[in-house]
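Worksheet: the structure to be examined is printed underneath.
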Amino acid sequence: MLSFPPAIQRLIAELARLPGIGPKTAQRLAFFLLSQERVALAELTGAILAAKEKIRYCSTCCNLAEEAACPICREGQRRRDVVCVVQDPRDVAAIERTHDFRGLYHVLHGAISPMDGIGPEQLRIKELLSRLSGGNVQELILATNPNIEGEATALYLARLIKPLGVKVTRLAHGLPVGGDLEYADELTLARALENRREM
Amino acid sequence: MRVEELSLTSFRNYSREKVSFSPGLNYIVGKNGEGKTNLLEALFILATTKSHRQALDKDMVKIGEGQFRVSARIIALGVDRNLDLGYDVTLRKKVANVSGFPVTKLQDFIGIFNVVMFSPEDLALVKGTPSDRRRFLDILLCQVDKVYFRLLQQYTHVSRQRNEALKLIARGAMKLFDLKPWDQQFAALAQRITLRRFQATERLAASFLSLTDAINRGKETLSISYSSSLLAATASLDVDGVARELERHQREDLKRGTSSIGPHRDDLKFLINGLPAAAYASQGQQRTAVLGLKLAELKYMQEVTGDYPVLLLDDVLSELDSSRRQMIVQVLMSDVQAVITGTDEDDLSLQGVKPALVLRVERGKVVS
């Protein structure tokens with residue numbers, strides 16, 4: 001990389017900062033970009049800047065939106081008494097793909113992690129509490145990731161919100177549908193066994 | 001379980017080597033520093049993905065090379081498989097294959113091939129640190145219990161988060177209220193790990209007693225027991241009990257910035273006539289104890305997996321007298337494959353046991 005002109009080195013270094021991009025991919029991307037027409041590049045940089053300018057947080061659920069309220073919060077036929085708490089806007093998209101959830105969301109934008117300096121104050125928890133104080137929400141579904149930080153965030157929220165008289169539920173841990181039992185990950189299987197239900 | 005063939009590429013002092021083993025007793029003989037232990041280390045890595053000497057992966061790469069690779073053909077419960085593990089210094093990554101199929105999660109590689117390693121460092125186990133003895137239990141359990149391995153991984157992760165939280169609270173940068181989610185997860189994992197170690201120790205203890213008694217012949221009683229930092233205080237080990245103990249130690253934990261109780265503080269204790277052996281065990285007693293523990297481990301693995309692990313003895317025969325060697329001989333009479341190293345062929349004056357194969361090692365080459 002040292003044999004490249006400084007401008008290219010800088011471009012490679014910037015690209016390498018992107019998640020999932022290593023030095024080799026960054027180099028490939030840099031040379032691809034250089035080979036493009038000026039117009040195409042202006043289109044790309046314009047799109048990046050426009051996204052950054054236009055995107056803000058929905059005033060209700062903190063999901064990414066272009067207006068004060070996101071499309072889901074604006075939708076009239078949704079149940080307003082059930083709120084599903086997720087870590088990330090991508091989790092909203094994932095749950096929406098099921099077409100089974102007709103309530104609203106709340107996006108925390110992260111999970112509690114002392115090692116990364118992320119405490120409750122760094123997450124959109126204050127917004128969630130003020131939402132609950134409205135009194136319309138009957139059930140809060142905690143859909144944070146089933147890992148250690150996601151679980152800690154769920155435990156934290158449950159302890160914080162249960163005293164407010166809101167029903168707090170957690171997504172079930174279980175086996176992937178359509179899979180074979182023998183290929184299930186051991187810990188998942190152990191959890192599923194632990195949380196078995198009567199039929 | 002047995003290993004048929006082992007191949008090494010740029011591993012330790014080996015450039016490229018292929019070794020075939022006999023199903024019975026294999027004796028590797030050579031002077032010190034020629035590469036006998038490295039062969040055992042390679043087999044240990046194929047079982048656990050790590051070095052028994054706690055060496056760093058990059059230190060196992062032959063000097064001047066960028067990657068090592070160890071492969072073996074093994075037969076476990078009658079099934080023939082090829083295990084292959086490579087490490088790349090620049091990528092800082094291990095890549096594993098089983099019979100030509102890549103293993104995406106390295107943890108799925110652990111436990112396909114089982115070994116029991118007995119090396120000279122183990123002789124210090126009785127008087128060594130509790131962490132050495134916990135490591136013994138962890139290596140055993142991780143090989144036969146996938147859930148245990150995952151629990152241990154999660155426990156280490158939760159412990160680190162909890163320690164960080166404790167430090168932040170002590171500094172006033174975090175509320176005490178916010179510690180609870182970490183306590184809850186810590187308690188749940190601590191309880192499950194402790195329980196599994198207890199159960200394993202109980203099983204080991206039974207065979208340990210009969211194995212060591214064969215040497216001591218009633219002169220004295222050697223035993224092992226699991227000493228838990230949690231159970232000393234809680235009558236029955238349930239998650240709520242652990243959570244209460246955590247609460248009781250909270251002030252101390254905040255002061256130290258680490259968890260003062262939990263399986264990471266436990267010990268596997270050796271006892272002589274019921275008294276702690278660490279303080280006064282003689283050389284002979286220590287040897288009997290460690291040998292008994294390793295052979296109990298062998299039996300435990302056989303009971304759990306249905307197949308004997310491969311026994312790896314690194315230069316320990318010369319350290320044992322004839323009555324203790326007799327313990328090993330009895331094992332070698334059964335269905336166990338063993339790979340033993342020594343500096344002298346005469347060392348192998350095992351009563352009535354002849355090695356099925358003698359391999360001579362010289363400067364990173366197997367010469368016969």
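So you can find residues: chains in the structure tokens are A, B, ... in the order shown, residues in each start at 1, and ligands are numbered from 1 in order.
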
Would you pick out the contacts of Leu168 (chain B) at 10 Å or less, using only C-alpha atoms, so that residues sharing its chain but fewer than 5 positions from it are not included, and give the list as a PDB file with N, CA, C and O atoms, in the first residue's frame?
ATOM      1  N   PRO A 114     -21.038  -2.762  29.904  1.00  0.00           N
ATOM      2  CA  PRO A 114     -20.059  -1.976  30.660  1.00  0.00           C
ATOM      3  C   PRO A 114     -18.680  -1.931  29.985  1.00  0.00           C
ATOM      4  O   PRO A 114     -18.021  -0.898  29.990  1.00  0.00           O
ATOM      5  N   MET A 115     -18.282  -3.058  29.362  1.00  0.00           N
ATOM      6  CA  MET A 115     -16.947  -3.101  28.739  1.00  0.00           C
ATOM      7  C   MET A 115     -16.824  -2.125  27.585  1.00  0.00           C
ATOM      8  O   MET A 115     -15.725  -1.667  27.277  1.00  0.00           O
ATOM      9  N   GLY A 117     -18.555   0.672  27.569  1.00  0.00           N
ATOM     10  CA  GLY A 117     -18.985   1.957  28.080  1.00  0.00           C
ATOM     11  C   GLY A 117     -20.430   2.300  27.748  1.00  0.00           C
ATOM     12  O   GLY A 117     -20.800   3.473  27.719  1.00  0.00           O
TER      13      GLY A 117
ATOM     14  N   ARG B 162     -19.261  -8.099  34.413  1.00  0.00           N
ATOM     15  CA  ARG B 162     -19.585  -7.793  35.810  1.00  0.00           C
ATOM     16  C   ARG B 162     -18.420  -7.059  36.490  1.00  0.00           C
ATOM     17  O   ARG B 162     -18.634  -6.089  37.212  1.00  0.00           O
ATOM     18  N   ASN B 163     -17.194  -7.512  36.228  1.00  0.00           N
ATOM     19  CA  ASN B 163     -16.025  -6.835  36.805  1.00  0.00           C
ATOM     20  C   ASN B 163     -15.973  -5.378  36.378  1.00  0.00           C
ATOM     21  O   ASN B 163     -15.695  -4.491  37.183  1.00  0.00           O
ATOM     22  N   ALA B 173     -19.522   5.904  38.330  1.00  0.00           N
ATOM     23  CA  ALA B 173     -19.897   6.124  36.936  1.00  0.00           C
ATOM     24  C   ALA B 173     -21.089   5.260  36.523  1.00  0.00           C
ATOM     25  O   ALA B 173     -21.525   5.298  35.383  1.00  0.00           O
ATOM     26  N   MET B 174     -21.583   4.448  37.473  1.00  0.00           N
ATOM     27  CA  MET B 174     -22.706   3.578  37.149  1.00  0.00           C
ATOM     28  C   MET B 174     -23.517   3.394  38.423  1.00  0.00           C
ATOM     29  O   MET B 174     -22.972   3.436  39.526  1.00  0.00           O
ATOM     30  N   LYS B 175     -24.834   3.176  38.244  1.00  0.00           N
ATOM     31  CA  LYS B 175     -25.694   3.008  39.424  1.00  0.00           C
ATOM     32  C   LYS B 175     -25.646   1.570  39.920  1.00  0.00           C
ATOM     33  O   LYS B 175     -25.518   0.640  39.136  1.00  0.00           O
ATOM     34  N   LEU B 176     -25.770   1.402  41.217  1.00  0.00           N
ATOM     35  CA  LEU B 176     -25.770   0.068  41.802  1.00  0.00           C
ATOM     36  C   LEU B 176     -26.932  -0.761  41.255  1.00  0.00           C
ATOM     37  O   LEU B 176     -26.817  -1.976  41.070  1.00  0.00           O
ATOM     38  N   LEU B 179     -26.325  -3.157  38.379  1.00  0.00           N
ATOM     39  CA  LEU B 179     -25.488  -4.354  38.542  1.00  0.00           C
ATOM     40  C   LEU B 179     -26.323  -5.633  38.431  1.00  0.00           C
ATOM     41  O   LEU B 179     -25.833  -6.683  38.015  1.00  0.00           O
ATOM     42  N   LEU B 254     -17.225  -4.926  45.162  1.00  0.00           N
ATOM     43  CA  LEU B 254     -17.084  -3.539  44.703  1.00  0.00           C
ATOM     44  C   LEU B 254     -15.696  -3.011  45.033  1.00  0.00           C
ATOM     45  O   LEU B 254     -15.077  -2.281  44.264  1.00  0.00           O
ATOM     46  N   GLY B 257     -13.272  -4.986  42.701  1.00  0.00           N
ATOM     47  CA  GLY B 257     -13.490  -4.844  41.258  1.00  0.00           C
ATOM     48  C   GLY B 257     -13.535  -6.171  40.539  1.00  0.00           C
ATOM     49  O   GLY B 257     -13.440  -6.237  39.321  1.00  0.00           O
TER      50      GLY B 257
END

I need the contact residues of chain A against chain B, so if you could list those with any atom within 7 Å, counting only C-alpha atoms, and return them as a JSON list (two decimals) with C-alpha atoms, in the first residue's frame, that would help.
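After the write, out-v1.json holds the following:
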[["chain", "number", "residue", "atom", "x", "y", "z"],
["A", 113, "SER", "CA", -22.31, -3.34, 27.89],
["A", 114, "PRO", "CA", -20.06, -1.98, 30.66],
["A", 115, "MET", "CA", -16.95, -3.10, 28.74],
["A", 148, "ILE", "CA", -25.24, -11.87, 27.14],
["A", 152, "ALA", "CA", -28.71, -8.10, 30.45],
["A", 155, "LEU", "CA", -33.31, -8.14, 32.61],
["A", 156, "TYR", "CA", -32.63, -4.48, 33.29],
["A", 186, "GLU", "CA", -26.31, -27.83, 22.36],
["A", 187, "LEU", "CA", -26.99, -24.72, 24.39]]

*Taking the backbone alone, and naming residues the way the document does, which bits of region 4-195 of chain A are strand (DSSP E or B) by DSSP, as a ChimeraX atom specification?*
/A:56-57,64-65,82-86,104-107,113,118,139-142,167-170

Residues from last step as file, C-alpha atoms, as a compact mmCIF listing (two decimals), in the first residue's frame:
# COMPACT_ATOMS: atom_id res chain seq x y z
CA ARG A 56 -33.55 11.07 11.99
CA TYR A 57 -35.13 9.20 14.85
CA LEU A 64 -34.92 5.54 11.73
CA ALA A 65 -37.28 7.79 9.79
CA VAL A 82 -48.35 -3.64 22.55
CA VAL A 83 -44.77 -2.46 22.13
CA CYS A 84 -41.89 -4.65 21.02
CA VAL A 85 -38.47 -3.50 22.23
CA VAL A 86 -35.54 -4.25 19.89
CA LEU A 104 -45.58 -0.91 17.64
CA TYR A 105 -41.82 -0.97 18.24
CA HIS A 106 -39.23 0.72 20.35
CA VAL A 107 -35.65 0.78 19.11
CA SER A 113 -22.31 -3.34 27.89
CA ILE A 118 -22.65 1.54 27.17
CA GLU A 139 -47.66 -5.20 27.14
CA LEU A 140 -43.98 -4.73 26.50
CA ILE A 141 -42.28 -7.51 24.50
CA LEU A 142 -38.53 -7.63 25.12
CA LYS A 167 -47.02 -6.68 31.47
CA VAL A 168 -43.43 -7.52 30.44
CA THR A 169 -42.72 -10.54 28.23
CA ARG A 170 -39.54 -11.94 26.67

*Within 7 Å of region 86-96 of chain B, counting only C-alpha atoms, which residues qualify if same-chain residues fewer than 2 places away don't, as a VMD selection string?*
chain B and resid 58 66 to 70 84 98 102 to 103 106

For the residues in the current selection, export N, CA, C and O atoms as a PDB file, in the first residue's frame.
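Now in out.pdb:
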ATOM      1  N   LYS B  58       1.061 -19.013  17.807  1.00  0.00           N
ATOM      2  CA  LYS B  58       2.140 -18.594  16.906  1.00  0.00           C
ATOM      3  C   LYS B  58       3.475 -19.218  17.301  1.00  0.00           C
ATOM      4  O   LYS B  58       4.350 -19.393  16.466  1.00  0.00           O
ATOM      5  N   GLY B  66       5.097 -19.447   8.116  1.00  0.00           N
ATOM      6  CA  GLY B  66       3.931 -18.597   8.364  1.00  0.00           C
ATOM      7  C   GLY B  66       2.710 -19.336   8.888  1.00  0.00           C
ATOM      8  O   GLY B  66       1.759 -18.721   9.359  1.00  0.00           O
ATOM      9  N   GLN B  67       2.738 -20.659   8.785  1.00  0.00           N
ATOM     10  CA  GLN B  67       1.589 -21.413   9.287  1.00  0.00           C
ATOM     11  C   GLN B  67       1.976 -22.839   9.624  1.00  0.00           C
ATOM     12  O   GLN B  67       2.924 -23.374   9.084  1.00  0.00           O
ATOM     13  N   PHE B  68       1.215 -23.423  10.579  1.00  0.00           N
ATOM     14  CA  PHE B  68       1.420 -24.848  10.816  1.00  0.00           C
ATOM     15  C   PHE B  68       0.134 -25.594  10.487  1.00  0.00           C
ATOM     16  O   PHE B  68      -0.937 -25.005  10.359  1.00  0.00           O
ATOM     17  N   ARG B  69       0.295 -26.878  10.330  1.00  0.00           N
ATOM     18  CA  ARG B  69      -0.857 -27.710  10.043  1.00  0.00           C
ATOM     19  C   ARG B  69      -0.646 -29.073  10.691  1.00  0.00           C
ATOM     20  O   ARG B  69       0.423 -29.665  10.562  1.00  0.00           O
ATOM     21  N   VAL B  70      -1.627 -29.552  11.421  1.00  0.00           N
ATOM     22  CA  VAL B  70      -1.560 -30.898  11.978  1.00  0.00           C
ATOM     23  C   VAL B  70      -2.815 -31.655  11.541  1.00  0.00           C
ATOM     24  O   VAL B  70      -3.912 -31.121  11.576  1.00  0.00           O
ATOM     25  N   ASP B  84      -8.147 -32.178  10.810  1.00  0.00           N
ATOM     26  CA  ASP B  84      -7.131 -31.318  10.243  1.00  0.00           C
ATOM     27  C   ASP B  84      -7.261 -29.935  10.862  1.00  0.00           C
ATOM     28  O   ASP B  84      -8.337 -29.352  10.871  1.00  0.00           O
ATOM     29  N   VAL B  98     -13.003 -31.484   9.172  1.00  0.00           N
ATOM     30  CA  VAL B  98     -13.263 -32.862   9.580  1.00  0.00           C
ATOM     31  C   VAL B  98     -13.637 -33.638   8.327  1.00  0.00           C
ATOM     32  O   VAL B  98     -14.638 -33.322   7.676  1.00  0.00           O
ATOM     33  N   PRO B 102     -15.110 -28.210   6.088  1.00  0.00           N
ATOM     34  CA  PRO B 102     -14.684 -27.152   7.005  1.00  0.00           C
ATOM     35  C   PRO B 102     -15.603 -27.063   8.225  1.00  0.00           C
ATOM     36  O   PRO B 102     -16.804 -27.253   8.119  1.00  0.00           O
ATOM     37  N   VAL B 103     -14.983 -26.800   9.371  1.00  0.00           N
ATOM     38  CA  VAL B 103     -15.743 -26.621  10.610  1.00  0.00           C
ATOM     39  C   VAL B 103     -15.843 -25.123  10.845  1.00  0.00           C
ATOM     40  O   VAL B 103     -14.834 -24.460  11.068  1.00  0.00           O
ATOM     41  N   LEU B 106     -14.982 -23.367  15.691  1.00  0.00           N
ATOM     42  CA  LEU B 106     -13.896 -24.189  16.207  1.00  0.00           C
ATOM     43  C   LEU B 106     -14.368 -25.071  17.365  1.00  0.00           C
ATOM     44  O   LEU B 106     -13.857 -26.161  17.574  1.00  0.00           O
TER      45      LEU B 106
END

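Every protein or nucleic acid residue with an atom no more than 12 Å from Gln54 (chain B), counting only C-alpha atoms and leaving out same-chain residues fewer than 2 positions away, appears here: Glu41, Phe44, Ile45, Thr48, Thr49, Lys50, Ser51, His52, Leu56, Asp57, Lys58, Asp59, Met60, Glu121, Asp132, Arg135 and Ile139 of chain B.
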
Can I get the selected residues back with all heavy atoms, as a tab-separated table (two decimals), in the first residue's frame?
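Once everything was written out, this is part-v5.tsv:
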chain	number	residue	atom	x	y	z
B	41	GLU	N	1.99	-33.05	21.70
B	41	GLU	CA	1.31	-31.75	21.66
B	41	GLU	C	0.39	-31.66	20.45
B	41	GLU	O	-0.75	-31.18	20.55
B	41	GLU	CB	2.34	-30.62	21.62
B	41	GLU	CG	1.75	-29.23	21.76
B	41	GLU	CD	2.81	-28.14	21.77
B	41	GLU	OE1	3.77	-28.23	20.97
B	41	GLU	OE2	2.70	-27.20	22.58
B	44	PHE	N	-2.66	-33.52	21.15
B	44	PHE	CA	-3.48	-32.79	22.13
B	44	PHE	C	-4.25	-31.65	21.46
B	44	PHE	O	-5.42	-31.41	21.77
B	44	PHE	CB	-2.58	-32.24	23.25
B	44	PHE	CG	-3.33	-31.67	24.42
B	44	PHE	CD1	-3.74	-32.50	25.47
B	44	PHE	CD2	-3.65	-30.32	24.49
B	44	PHE	CE1	-4.44	-31.98	26.55
B	44	PHE	CE2	-4.36	-29.80	25.57
B	44	PHE	CZ	-4.74	-30.63	26.61
B	45	ILE	N	-3.59	-30.97	20.53
B	45	ILE	CA	-4.24	-29.87	19.81
B	45	ILE	C	-5.42	-30.38	18.98
B	45	ILE	O	-6.46	-29.73	18.90
B	45	ILE	CB	-3.23	-29.17	18.87
B	45	ILE	CG1	-2.23	-28.39	19.69
B	45	ILE	CG2	-3.92	-28.23	17.90
B	45	ILE	CD1	-1.15	-27.81	18.85
B	48	THR	N	-8.22	-30.71	21.52
B	48	THR	CA	-8.73	-29.55	22.27
B	48	THR	C	-8.56	-28.21	21.55
B	48	THR	O	-9.02	-27.19	22.05
B	48	THR	CB	-7.99	-29.42	23.62
B	48	THR	OG1	-6.62	-29.11	23.34
B	48	THR	CG2	-8.07	-30.69	24.43
B	49	THR	N	-7.88	-28.17	20.41
B	49	THR	CA	-7.50	-26.98	19.63
B	49	THR	C	-6.43	-26.12	20.33
B	49	THR	O	-6.07	-25.07	19.81
B	49	THR	CB	-8.70	-26.06	19.26
B	49	THR	OG1	-9.11	-25.31	20.40
B	49	THR	CG2	-9.87	-26.83	18.70
B	50	LYS	N	-5.98	-26.56	21.51
B	50	LYS	CA	-4.98	-25.76	22.21
B	50	LYS	C	-3.81	-26.62	22.68
B	50	LYS	O	-3.92	-27.84	22.76
B	50	LYS	CB	-5.62	-25.09	23.43
B	50	LYS	CG	-6.47	-23.91	23.02
B	50	LYS	CD	-6.98	-23.18	24.24
B	50	LYS	CE	-7.86	-22.02	23.81
B	50	LYS	NZ	-9.08	-21.91	24.59
B	51	SER	N	-2.71	-25.95	23.02
B	51	SER	CA	-1.52	-26.65	23.48
B	51	SER	C	-1.65	-27.04	24.95
B	51	SER	O	-2.17	-26.27	25.75
B	51	SER	CB	-0.31	-25.74	23.31
B	51	SER	OG	0.74	-26.16	24.16
B	52	HIS	N	-1.19	-28.24	25.31
B	52	HIS	CA	-1.24	-28.65	26.72
B	52	HIS	C	-0.24	-27.86	27.55
B	52	HIS	O	-0.34	-27.79	28.76
B	52	HIS	CB	-0.97	-30.15	26.84
B	52	HIS	CG	0.46	-30.53	26.57
B	52	HIS	ND1	1.00	-30.53	25.31
B	52	HIS	CD2	1.45	-30.91	27.41
B	52	HIS	CE1	2.26	-30.90	25.38
B	52	HIS	NE2	2.56	-31.14	26.64
B	56	LEU	N	1.35	-20.26	23.02
B	56	LEU	CA	0.59	-19.47	22.07
B	56	LEU	C	0.63	-20.16	20.72
B	56	LEU	O	1.60	-20.84	20.38
B	56	LEU	CB	1.21	-18.07	21.93
B	56	LEU	CG	1.22	-17.21	23.20
B	56	LEU	CD1	1.96	-15.90	22.94
B	56	LEU	CD2	-0.19	-16.93	23.67
B	57	ASP	N	-0.46	-19.98	19.95
B	57	ASP	CA	-0.54	-20.64	18.65
B	57	ASP	C	0.66	-20.29	17.78
B	57	ASP	O	1.23	-21.15	17.11
B	57	ASP	CB	-1.83	-20.21	17.94
B	57	ASP	CG	-3.06	-20.72	18.68
B	57	ASP	OD1	-2.96	-21.81	19.28
B	57	ASP	OD2	-4.09	-20.04	18.66
B	58	LYS	N	1.06	-19.01	17.81
B	58	LYS	CA	2.14	-18.59	16.91
B	58	LYS	C	3.48	-19.22	17.30
B	58	LYS	O	4.35	-19.39	16.47
B	58	LYS	CB	2.24	-17.06	16.86
B	58	LYS	CG	2.68	-16.38	18.14
B	58	LYS	CD	2.92	-14.90	17.86
B	58	LYS	CE	3.01	-14.05	19.08
B	58	LYS	NZ	4.07	-14.35	20.04
B	59	ASP	N	3.60	-19.58	18.57
B	59	ASP	CA	4.85	-20.19	19.02
B	59	ASP	C	4.97	-21.65	18.59
B	59	ASP	O	6.03	-22.26	18.73
B	59	ASP	CB	4.97	-20.10	20.55
B	59	ASP	CG	5.14	-18.66	21.00
B	59	ASP	OD1	5.54	-17.83	20.15
B	59	ASP	OD2	4.86	-18.37	22.17
B	60	MET	N	3.88	-22.20	18.07
B	60	MET	CA	3.95	-23.59	17.62
B	60	MET	C	4.29	-23.68	16.13
B	60	MET	O	4.48	-24.77	15.61
B	60	MET	CB	2.62	-24.29	17.92
B	60	MET	CG	2.40	-24.47	19.41
B	60	MET	SD	0.93	-25.43	19.80
B	60	MET	CE	-0.36	-24.21	19.60
B	121	GLU	N	4.83	-31.66	34.08
B	121	GLU	CA	4.27	-30.50	34.80
B	121	GLU	C	3.10	-30.91	35.69
B	121	GLU	O	2.82	-30.28	36.71
B	121	GLU	CB	3.79	-29.42	33.83
B	121	GLU	CG	4.85	-28.79	32.95
B	121	GLU	CD	4.96	-29.48	31.60
B	121	GLU	OE1	4.07	-29.27	30.76
B	121	GLU	OE2	5.93	-30.24	31.39
B	132	ASP	N	-4.60	-24.38	38.29
B	132	ASP	CA	-4.12	-25.56	37.56
B	132	ASP	C	-5.12	-26.70	37.67
B	132	ASP	O	-5.38	-27.42	36.70
B	132	ASP	CB	-2.78	-26.06	38.12
B	132	ASP	CG	-1.66	-25.07	37.88
B	132	ASP	OD1	-1.77	-24.29	36.92
B	132	ASP	OD2	-0.69	-25.08	38.67
B	135	ARG	N	-8.21	-26.09	35.72
B	135	ARG	CA	-7.92	-26.29	34.31
B	135	ARG	C	-8.02	-27.78	33.95
B	135	ARG	O	-8.51	-28.14	32.89
B	135	ARG	CB	-6.51	-25.75	34.02
B	135	ARG	CG	-6.17	-25.74	32.55
B	135	ARG	CD	-4.95	-24.88	32.25
B	135	ARG	NE	-4.56	-25.11	30.88
B	135	ARG	CZ	-3.66	-26.02	30.52
B	135	ARG	NH1	-3.02	-26.74	31.42
B	135	ARG	NH2	-3.40	-26.20	29.24
B	139	ILE	N	-10.53	-29.00	31.05
B	139	ILE	CA	-10.09	-29.71	29.84
B	139	ILE	C	-10.85	-31.03	29.70
B	139	ILE	O	-11.31	-31.38	28.62
B	139	ILE	CB	-8.56	-29.96	29.88
B	139	ILE	CG1	-7.81	-28.64	29.74
B	139	ILE	CG2	-8.14	-30.92	28.76
B	139	ILE	CD1	-6.32	-28.75	29.96

_Give me, as a PyMOL selection string, all polymer residues having an atom no more than 9 Å from Leu359 (chain B), counting only C-alpha atoms and skipping those fewer than 6 positions away in the same chain._
chain B and resi 19+26-30+366-368

Next, write the just-selected residues to a file, as a short mmCIF file (atom, residue, chain, number, x, y, z; two decimals), in the first residue's frame, keeping all heavy atoms as the atom set.
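Ended up saving to part-v3.cif:
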data_model
loop_
_atom_site.label_atom_id
_atom_site.label_comp_id
_atom_site.auth_asym_id
_atom_site.auth_seq_id
_atom_site.Cartn_x
_atom_site.Cartn_y
_atom_site.Cartn_z
N VAL B 19 3.54 -39.87 10.70
CA VAL B 19 3.81 -40.96 11.63
C VAL B 19 2.62 -41.91 11.66
O VAL B 19 1.47 -41.46 11.77
CB VAL B 19 4.02 -40.41 13.06
CG1 VAL B 19 4.59 -41.50 13.96
CG2 VAL B 19 4.91 -39.19 13.07
N ASN B 26 2.55 -47.33 21.91
CA ASN B 26 3.56 -46.72 21.03
C ASN B 26 4.60 -46.03 21.89
O ASN B 26 4.25 -45.23 22.76
CB ASN B 26 2.90 -45.69 20.11
CG ASN B 26 1.88 -46.33 19.19
OD1 ASN B 26 2.18 -46.78 18.10
ND2 ASN B 26 0.63 -46.38 19.67
N TYR B 27 5.85 -46.37 21.66
CA TYR B 27 6.89 -45.76 22.48
C TYR B 27 7.78 -44.87 21.62
O TYR B 27 8.39 -45.32 20.65
CB TYR B 27 7.73 -46.87 23.15
CG TYR B 27 8.63 -46.33 24.22
CD1 TYR B 27 8.10 -45.67 25.32
CD2 TYR B 27 10.01 -46.48 24.13
CE1 TYR B 27 8.92 -45.16 26.31
CE2 TYR B 27 10.85 -45.98 25.12
CZ TYR B 27 10.29 -45.32 26.21
OH TYR B 27 11.10 -44.83 27.18
N ILE B 28 7.80 -43.57 21.95
CA ILE B 28 8.62 -42.63 21.21
C ILE B 28 9.88 -42.37 22.01
O ILE B 28 9.81 -41.90 23.15
CB ILE B 28 7.87 -41.30 20.97
CG1 ILE B 28 6.57 -41.56 20.22
CG2 ILE B 28 8.74 -40.31 20.21
CD1 ILE B 28 5.68 -40.35 20.11
N VAL B 29 11.01 -42.69 21.44
CA VAL B 29 12.24 -42.55 22.20
C VAL B 29 13.18 -41.56 21.49
O VAL B 29 13.18 -41.46 20.26
CB VAL B 29 12.89 -43.95 22.41
CG1 VAL B 29 13.32 -44.56 21.09
CG2 VAL B 29 14.05 -43.87 23.38
N GLY B 30 13.90 -40.80 22.27
CA GLY B 30 14.83 -39.82 21.70
C GLY B 30 15.41 -38.96 22.80
O GLY B 30 14.92 -38.96 23.93
N VAL B 366 11.22 -38.42 12.46
CA VAL B 366 11.02 -39.74 13.01
C VAL B 366 11.85 -40.68 12.15
O VAL B 366 11.61 -40.83 10.96
CB VAL B 366 9.53 -40.14 12.97
CG1 VAL B 366 9.34 -41.55 13.50
CG2 VAL B 366 8.71 -39.16 13.80
N VAL B 367 12.91 -41.26 12.76
CA VAL B 367 13.88 -41.99 11.96
C VAL B 367 13.59 -43.48 11.85
O VAL B 367 14.13 -44.15 10.99
CB VAL B 367 15.33 -41.75 12.43
CG1 VAL B 367 15.73 -40.32 12.15
CG2 VAL B 367 15.47 -42.05 13.92
N SER B 368 12.77 -44.01 12.75
CA SER B 368 12.43 -45.42 12.60
C SER B 368 11.05 -45.70 13.16
O SER B 368 10.56 -44.95 13.96
CB SER B 368 13.43 -46.30 13.32
OG SER B 368 13.33 -46.09 14.72
#
